[in-house]
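Below you'll find the structure, written out as structure tokens, and then a few comments.
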Amino acid sequence: MLGRQQDILRAASFEPRAHLEGIDLPKGFTLPSLAAVREESQQLAELKITGLGDVLTYYRGSDGVGRPPKPLPEPLCWNTRLPKLFKFSYFTQCGDVPVDLLEDVIFILKMFVRVLTESTEQQLREIGHYLPHQKAEVAGYFMLSNTRYKLITHLMNANIDRPEEALPQLEAAAHEHLQRLRKTGSRDDPVRANPLLYHIYASALTFTNQFNKKTKDMLEAVLKAATQSALSSNQDLTSTTLKTHINLSLVLNQMKVEPNKQKEHTEWAVKWLRKNGKHMRDLDQHVRRRDQPPHPVYLALGAGWFENLVEPGTTLREDERSAKLCRSCGLSEPQVKLFRCSACLHIYYCSKECQKANWKHHKEACKEVAQSKAHAAQLKRTNPKDGQRAADWIKWRDAPHFANTYALAHALGLHRDPSRGRTHIVFRSLEYTPKASKDIRYRFTVAHAGVYKLTDVYPDIETMLRINPGEGKEYVDGLLDELDSMGNDDKVPILDLTFGEGIDPWLGSIAIPVGALRTLPHDPDWRRSINSGGPAQPMSLITGAKDAENIF
């Protein structure tokens, strides 16, 4: 089951999303179609060979009748010739740019920086970049900031990895950010105000072997902001914290200063990676760069650790660590220190405040989980075999393994329509297979599975959960409300009803980040992937509800 997941090649079919930092896009805003963008991408390749030629324009409101048109500057010529590609490059969320368009988007964003810095205000208004009601200074700042941010993000992407090209843009972005703080009268430290910008800046300095005081000071300021500032309490900066420790380990090592601190950074990074390394996709970019000296973190982990890292699948403990986060705010370790709910021992919180805020949603589920565990413990004393099955069932259903997470996403077809997470549910019947493995993930097999519209199966839910007629929808709505309360605006809910001989039926609910779904290769043969043995067979319900897996 787990190994086969590495062989699935069919990509998700999400459409790119539009997003700008600090700017609310108008309702109904749409990106150009990918077909139109790819057409202009082909034109770009041809224009790079043939040349642009002169693009002439008249300005509205110009003085004098018959004033001869003037050629536009080069950046505006590109903008005029390839308007859809420019619009797509500027507005599309970075992670949504198709791989085949990435280099063209980088070229266009570089050109758009020049459009915004070399054109006159009149030219920018005439072409429509500055709207009539906008102040040029404010519009220019936000447009240039977003353009540079996206360009930097693409250049620093592990698959592109051109930090030397990103550095001039980072230097300019940091300068503009500082000037903006001063103009608005803010006394905030620039790194504390925007640790993500300076994290990328410091990484680019590290990647280009600038092992000096400037890089060291910036990395230390970023680490302080990521762990001690107000921002660190409401935003997940785990990745920033980890990568800064990794970079400081190398920088201090190469500067031959502060050996004790260098050792602390190395040990912190190694400890985290040993537990969570399989979830850091760009690890090689940080610790195994060909153009850098041997990295202390790499040496401490050892070559063998990296060889094991590429083995398919994950262990149960790795699955559990990756899913361990605060049920209320969604933050994870090491950003916050987590503790279990003392009653159910299943849900985690980062503070008493988060636990209190989530209690109204968790109260009933907490009671059910606690009762299930107590029943299993009692059953073990009177009927050890049935008691063990009940205990294994609780562990299986609560574990964040493939069958309980991404297999459900594949079944629901969320790659095609994420809204189905709120309108559909997966039903599963299990068979207990205790001799299959000591690994809890394999101690149950999904014998039958089906995907149904919620509106078609509320009576089935009520019958299996032994609740009153009409309460099924209320129960489901309560689960969705809890997931929404976690701040899951950018996550998709997933519901499943699982049952089997000798186990209590369970209506499960999780939320998967949209970003994870967008990059997850879709598995149309999920019925086979969900088990280590044979595939899950189709399911028939007594009420006759129709399977809606392939009905969109």
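Every chain in the structure tokens takes a letter, A first, then B, and so on in the order presented; its residues are numbered from 1, and the ligands are numbered from 1 following the presented order.
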- Task: Any chance you could list, as a count of residues only, the residues in region 276-485 of chain A that come up strand (DSSP E) when DSSP is run on the backbone?
- Result: 23
- Task: Do a neighbour search on Phe107 (chain A) at 12 Å with only C-alpha atoms, toss out local chain neighbours closer than 6 positions, and write the hits as a list in words.
- Result: Ser41, Leu44, Ala45, Lys48, Pro75, Trp78, Asn79, Leu82, Leu85, Phe86, Ser89, Tyr90, Leu101, Val113, Arg114, Thr147, Lys150, Leu151, Ile152, His154, Leu155 and Glu165 of chain A
Suppose we keep N, CA, C and O atoms; can you now write the selection as a compact mmCIF listing (two decimals), in the first residue's frame?
```
# COMPACT_ATOMS: atom_id res chain seq x y z
N SER A 41 3.01 32.11 -24.25
CA SER A 41 4.31 31.56 -23.90
C SER A 41 5.06 31.16 -25.17
O SER A 41 6.28 31.37 -25.28
N LEU A 44 6.29 34.23 -26.79
CA LEU A 44 7.48 34.73 -26.10
C LEU A 44 8.73 34.07 -26.65
O LEU A 44 9.74 34.74 -26.91
N ALA A 45 8.68 32.75 -26.82
CA ALA A 45 9.84 32.04 -27.36
C ALA A 45 10.20 32.55 -28.75
O ALA A 45 11.39 32.72 -29.08
N LYS A 48 11.74 36.18 -28.57
CA LYS A 48 13.12 36.19 -28.10
C LYS A 48 14.10 35.97 -29.25
O LYS A 48 15.25 36.40 -29.19
N PRO A 75 10.54 47.20 -21.64
CA PRO A 75 9.67 46.44 -20.73
C PRO A 75 8.19 46.59 -21.07
O PRO A 75 7.44 45.61 -21.04
N TRP A 78 7.17 44.46 -24.12
CA TRP A 78 6.85 43.08 -23.75
C TRP A 78 5.47 43.01 -23.11
O TRP A 78 4.68 42.10 -23.40
N ASN A 79 5.17 43.94 -22.23
CA ASN A 79 3.89 43.98 -21.54
C ASN A 79 2.74 44.11 -22.54
O ASN A 79 1.70 43.46 -22.42
N LEU A 82 2.41 40.79 -24.74
CA LEU A 82 2.04 39.55 -24.03
C LEU A 82 1.21 39.87 -22.79
O LEU A 82 1.58 39.54 -21.66
N LEU A 85 0.11 36.78 -20.46
CA LEU A 85 1.23 36.17 -19.75
C LEU A 85 1.68 37.06 -18.60
O LEU A 85 2.04 36.58 -17.52
N PHE A 86 1.66 38.38 -18.81
CA PHE A 86 1.99 39.32 -17.73
C PHE A 86 0.96 39.23 -16.61
O PHE A 86 1.31 39.18 -15.42
N SER A 89 1.39 35.93 -14.72
CA SER A 89 2.62 35.88 -13.91
C SER A 89 2.49 36.72 -12.65
O SER A 89 2.96 36.32 -11.57
N TYR A 90 1.84 37.87 -12.76
CA TYR A 90 1.73 38.78 -11.62
C TYR A 90 0.69 38.31 -10.61
O TYR A 90 0.92 38.39 -9.39
N LEU A 101 5.64 26.41 -17.32
CA LEU A 101 5.55 27.86 -17.51
C LEU A 101 6.48 28.62 -16.58
O LEU A 101 6.57 29.84 -16.67
N VAL A 113 9.25 44.00 -13.13
CA VAL A 113 9.98 44.86 -12.20
C VAL A 113 10.50 46.08 -12.95
O VAL A 113 10.43 47.22 -12.45
N ARG A 114 11.00 45.86 -14.14
CA ARG A 114 11.49 46.98 -14.95
C ARG A 114 10.34 47.88 -15.40
O ARG A 114 10.50 49.11 -15.45
N THR A 147 5.42 41.83 -7.02
CA THR A 147 6.19 41.31 -8.15
C THR A 147 7.51 40.75 -7.69
O THR A 147 7.91 39.64 -8.08
N LYS A 150 7.09 37.41 -5.66
CA LYS A 150 6.84 36.23 -6.49
C LYS A 150 8.08 35.84 -7.28
O LYS A 150 8.40 34.65 -7.41
N LEU A 151 8.80 36.81 -7.77
CA LEU A 151 10.03 36.52 -8.50
C LEU A 151 11.05 35.85 -7.58
O LEU A 151 11.68 34.84 -7.94
N ILE A 152 11.21 36.39 -6.38
CA ILE A 152 12.14 35.81 -5.40
C ILE A 152 11.73 34.38 -5.03
O ILE A 152 12.57 33.48 -4.96
N HIS A 154 10.05 32.21 -6.76
CA HIS A 154 10.33 31.28 -7.86
C HIS A 154 11.83 31.00 -7.98
O HIS A 154 12.24 29.85 -8.17
N LEU A 155 12.64 32.03 -7.86
CA LEU A 155 14.09 31.85 -8.00
C LEU A 155 14.67 31.02 -6.86
O LEU A 155 15.64 30.28 -7.06
N GLU A 165 20.55 35.17 -8.50
CA GLU A 165 19.62 36.04 -9.22
C GLU A 165 18.60 36.66 -8.27
O GLU A 165 18.10 37.76 -8.52
```
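The list of residues with at least one atom within 7 Å of Gln262 (chain A), based on only C-alpha atoms and without residues fewer than 6 positions apart in the same chain, reads Leu248, Ser249, Leu252 and Asn253 of chain A.
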- Message: Quick one: residues within 10 Å of Thr463 (chain A), only C-alpha atoms, excluding same-chain residues fewer than 6 positions away - as a list of chain:residue names?
- Response: A:Val457, A:Pro469, A:Gly472
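Nearest residue to Lys395 (chain A), choosing from A:Leu338, A:Ile503, A:Ala136, A:Leu250 and counting only C-alpha atoms: A:Ile503.
Counting from CA of Ser351 (chain A), the distance to CA of Gly330 (chain A) is 11.6 Å.
CA of Pro16 (chain A) lies 17.2 Å from CA of Ile108 (chain A).
Distances to Pro334 (chain A) were evaluated for A:Asp100, A:Cys354, A:Trp272, A:Thr455 using only C-alpha atoms, and the minimum falls at A:Trp272.
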- Item | Nearby residues (only C-alpha atoms) at most 12 Å from Gly534 (chain A), same-chain spacing under 5 positions excluded, as a PyMOL selection string | chain A and resi 1+445-448+525-529
- Task: Name the residues in contact with Pro418 (chain A) at a cut-off of 12 Å, using only C-alpha atoms, excluding same-chain residues fewer than 6 positions from it; report them as a PyMOL selection string.
- Result: chain A and resi 12-15+409-412+424+490-494+511-518+552
Can I get the selection written as a PDB file, in the first residue's frame, with N, CA, C and O atoms?
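Result went into part-v7.pdb, see below:
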```pdb
ATOM      1  N   ALA A  12      -2.834  16.285 -10.053  1.00  0.00           N
ATOM      2  CA  ALA A  12      -4.099  16.921  -9.720  1.00  0.00           C
ATOM      3  C   ALA A  12      -4.429  17.993 -10.749  1.00  0.00           C
ATOM      4  O   ALA A  12      -3.558  18.560 -11.378  1.00  0.00           O
ATOM      5  N   SER A  13      -5.727  18.267 -10.913  1.00  0.00           N
ATOM      6  CA  SER A  13      -6.142  19.167 -11.978  1.00  0.00           C
ATOM      7  C   SER A  13      -6.736  20.464 -11.447  1.00  0.00           C
ATOM      8  O   SER A  13      -7.703  20.969 -11.979  1.00  0.00           O
ATOM      9  N   PHE A  14      -6.189  21.000 -10.383  1.00  0.00           N
ATOM     10  CA  PHE A  14      -6.651  22.273  -9.857  1.00  0.00           C
ATOM     11  C   PHE A  14      -6.313  23.392 -10.834  1.00  0.00           C
ATOM     12  O   PHE A  14      -5.250  23.396 -11.457  1.00  0.00           O
ATOM     13  N   GLU A  15      -7.193  24.359 -10.939  1.00  0.00           N
ATOM     14  CA  GLU A  15      -6.894  25.552 -11.711  1.00  0.00           C
ATOM     15  C   GLU A  15      -6.058  26.497 -10.841  1.00  0.00           C
ATOM     16  O   GLU A  15      -6.226  26.550  -9.626  1.00  0.00           O
ATOM     17  N   ALA A 409      -9.198  11.387   0.357  1.00  0.00           N
ATOM     18  CA  ALA A 409      -9.182  12.507  -0.590  1.00  0.00           C
ATOM     19  C   ALA A 409      -9.278  11.999  -2.030  1.00  0.00           C
ATOM     20  O   ALA A 409      -9.993  12.571  -2.859  1.00  0.00           O
ATOM     21  N   HIS A 410      -8.553  10.920  -2.328  1.00  0.00           N
ATOM     22  CA  HIS A 410      -8.630  10.318  -3.663  1.00  0.00           C
ATOM     23  C   HIS A 410     -10.041   9.802  -3.932  1.00  0.00           C
ATOM     24  O   HIS A 410     -10.585   9.989  -5.028  1.00  0.00           O
ATOM     25  N   ALA A 411     -10.628   9.137  -2.949  1.00  0.00           N
ATOM     26  CA  ALA A 411     -11.963   8.560  -3.113  1.00  0.00           C
ATOM     27  C   ALA A 411     -12.998   9.643  -3.412  1.00  0.00           C
ATOM     28  O   ALA A 411     -13.856   9.483  -4.285  1.00  0.00           O
ATOM     29  N   LEU A 412     -12.915  10.760  -2.713  1.00  0.00           N
ATOM     30  CA  LEU A 412     -13.875  11.846  -2.886  1.00  0.00           C
ATOM     31  C   LEU A 412     -13.649  12.643  -4.170  1.00  0.00           C
ATOM     32  O   LEU A 412     -14.518  13.409  -4.576  1.00  0.00           O
ATOM     33  N   HIS A 424     -20.071  15.333   0.334  1.00  0.00           N
ATOM     34  CA  HIS A 424     -19.979  13.885   0.172  1.00  0.00           C
ATOM     35  C   HIS A 424     -19.265  13.249   1.366  1.00  0.00           C
ATOM     36  O   HIS A 424     -18.576  13.936   2.131  1.00  0.00           O
ATOM     37  N   ASP A 490      -8.269  27.628   4.373  1.00  0.00           N
ATOM     38  CA  ASP A 490      -7.524  27.116   3.233  1.00  0.00           C
ATOM     39  C   ASP A 490      -7.359  25.602   3.337  1.00  0.00           C
ATOM     40  O   ASP A 490      -6.381  25.053   2.882  1.00  0.00           O
ATOM     41  N   LYS A 491      -8.332  24.957   3.984  1.00  0.00           N
ATOM     42  CA  LYS A 491      -8.295  23.512   4.124  1.00  0.00           C
ATOM     43  C   LYS A 491      -9.623  22.918   3.673  1.00  0.00           C
ATOM     44  O   LYS A 491     -10.647  23.602   3.654  1.00  0.00           O
ATOM     45  N   VAL A 492      -9.581  21.658   3.300  1.00  0.00           N
ATOM     46  CA  VAL A 492     -10.777  20.968   2.822  1.00  0.00           C
ATOM     47  C   VAL A 492     -11.176  19.907   3.836  1.00  0.00           C
ATOM     48  O   VAL A 492     -10.356  19.064   4.213  1.00  0.00           O
ATOM     49  N   PRO A 493     -12.439  19.917   4.317  1.00  0.00           N
ATOM     50  CA  PRO A 493     -12.875  18.887   5.267  1.00  0.00           C
ATOM     51  C   PRO A 493     -13.089  17.550   4.570  1.00  0.00           C
ATOM     52  O   PRO A 493     -13.418  17.495   3.374  1.00  0.00           O
ATOM     53  N   ILE A 494     -12.894  16.471   5.308  1.00  0.00           N
ATOM     54  CA  ILE A 494     -13.113  15.124   4.798  1.00  0.00           C
ATOM     55  C   ILE A 494     -13.866  14.336   5.864  1.00  0.00           C
ATOM     56  O   ILE A 494     -13.456  14.300   7.023  1.00  0.00           O
ATOM     57  N   ALA A 511      -9.245  17.604   8.239  1.00  0.00           N
ATOM     58  CA  ALA A 511      -9.128  18.674   7.252  1.00  0.00           C
ATOM     59  C   ALA A 511      -7.729  18.602   6.649  1.00  0.00           C
ATOM     60  O   ALA A 511      -6.747  18.469   7.367  1.00  0.00           O
ATOM     61  N   ILE A 512      -7.645  18.666   5.331  1.00  0.00           N
ATOM     62  CA  ILE A 512      -6.374  18.596   4.621  1.00  0.00           C
ATOM     63  C   ILE A 512      -6.119  19.928   3.924  1.00  0.00           C
ATOM     64  O   ILE A 512      -7.024  20.473   3.277  1.00  0.00           O
ATOM     65  N   PRO A 513      -4.918  20.514   4.059  1.00  0.00           N
ATOM     66  CA  PRO A 513      -4.629  21.791   3.413  1.00  0.00           C
ATOM     67  C   PRO A 513      -4.840  21.732   1.902  1.00  0.00           C
ATOM     68  O   PRO A 513      -4.495  20.735   1.253  1.00  0.00           O
ATOM     69  N   VAL A 514      -5.411  22.794   1.362  1.00  0.00           N
ATOM     70  CA  VAL A 514      -5.623  22.854  -0.081  1.00  0.00           C
ATOM     71  C   VAL A 514      -4.292  22.717  -0.818  1.00  0.00           C
ATOM     72  O   VAL A 514      -4.209  22.064  -1.862  1.00  0.00           O
ATOM     73  N   GLY A 515      -3.238  23.327  -0.260  1.00  0.00           N
ATOM     74  CA  GLY A 515      -1.929  23.253  -0.902  1.00  0.00           C
ATOM     75  C   GLY A 515      -1.446  21.823  -1.053  1.00  0.00           C
ATOM     76  O   GLY A 515      -0.854  21.456  -2.067  1.00  0.00           O
ATOM     77  N   ALA A 516      -1.707  20.987  -0.032  1.00  0.00           N
ATOM     78  CA  ALA A 516      -1.303  19.591  -0.102  1.00  0.00           C
ATOM     79  C   ALA A 516      -2.093  18.850  -1.175  1.00  0.00           C
ATOM     80  O   ALA A 516      -1.548  18.015  -1.907  1.00  0.00           O
ATOM     81  N   LEU A 517      -3.380  19.160  -1.284  1.00  0.00           N
ATOM     82  CA  LEU A 517      -4.199  18.507  -2.305  1.00  0.00           C
ATOM     83  C   LEU A 517      -3.779  18.918  -3.709  1.00  0.00           C
ATOM     84  O   LEU A 517      -3.826  18.122  -4.642  1.00  0.00           O
ATOM     85  N   ARG A 518      -3.366  20.175  -3.849  1.00  0.00           N
ATOM     86  CA  ARG A 518      -2.996  20.669  -5.176  1.00  0.00           C
ATOM     87  C   ARG A 518      -1.723  20.002  -5.695  1.00  0.00           C
ATOM     88  O   ARG A 518      -1.528  19.859  -6.900  1.00  0.00           O
ATOM     89  N   PHE A 552     -19.947  13.835 -10.980  1.00  0.00           N
ATOM     90  CA  PHE A 552     -19.525  15.202 -10.648  1.00  0.00           C
ATOM     91  C   PHE A 552     -20.518  16.215 -11.214  1.00  0.00           C
ATOM     92  O   PHE A 552     -21.200  15.948 -12.189  1.00  0.00           O
TER      93      PHE A 552
END
```
